Amino acid sequence: MSSCLVQAGFQVLGDADSGVPGLWVTEVSADALVSWTASDGFTALARDQAGRAATNDSMRVIVQTAVAGLLIQLGHTVTETPDGCGLVVFTEAVLPRGGKGS
C-alpha cells in the first residue's frame with residue numbers, strides 16, 4: 001500500500017522521519033492507519049491568510065479524500081478514524097455476500 005501511495009506522488013514517511021510533514025502509514029493490528037502531518041510553513045501560511053487560504057483542517061480533509069479515493073480505487077476498504085484525523089485501511093478484502101469465498 002505504501003508503494004502505491006509513493007507511486008501516486010505522496011511522500012510516505014518512515015520511523016526515522018519523526019517530526020517531518022507528510023503521510024504516515026502505521027500498522028494497527030492486521031490493518032493500517034494512514035495519517036497526515038502539515039508542515040510548519042503551511043500551518044503558518046494558513047494562520048496568516050485566515051479566510052483566504054485553506055486551513056490546516058481543510059487541507060487535511062483534502063489530503064485524506066485523495067488518499068482514500070486512491071486506495072479505494074485500488075480495491076482497499078477504507079474508513080475514517082473516529083477522531084477524523086486519519087484513515088484505517090483494512091488489509092483483508094471484505095467480499096459481498098454471494099461473492100467468491102462464501
# chains A, B, ... in the order shown; residues from 1 in each chain; ligands from 1
$ residues_around --residues "Gly19 in chain A" --least-positions-apart "5" --cutoff "12 Å" --atoms "only C-alpha atoms" --output "PyMOL selection string"
chain A and resi 13-14+24+36-40
$ residues_around --residues "Ala66 in chain A" --least-positions-apart "3" --cutoff "12 Å" --atoms "only C-alpha atoms" --output "list of chain:residue names"
A:Leu5, A:Ala8, A:Gly9, A:Phe10, A:Leu23, A:Val34, A:Trp36, A:Met59, A:Arg60, A:Val61, A:Ile62, A:Val63, A:Gly69, A:Leu70, A:Leu71, A:Ile72, A:Gln73, A:Val78, A:Leu87
$ atom_distance --atom1 "CA of Asp31 in chain A" --atom2 "CA of Thr65 in chain A"
18.6 Å
$ closest_residue --among "A:Ser58, A:Thr26, A:Ser2, A:Val89" --to "His76 in chain A" --atoms "only C-alpha atoms"
A:Val89
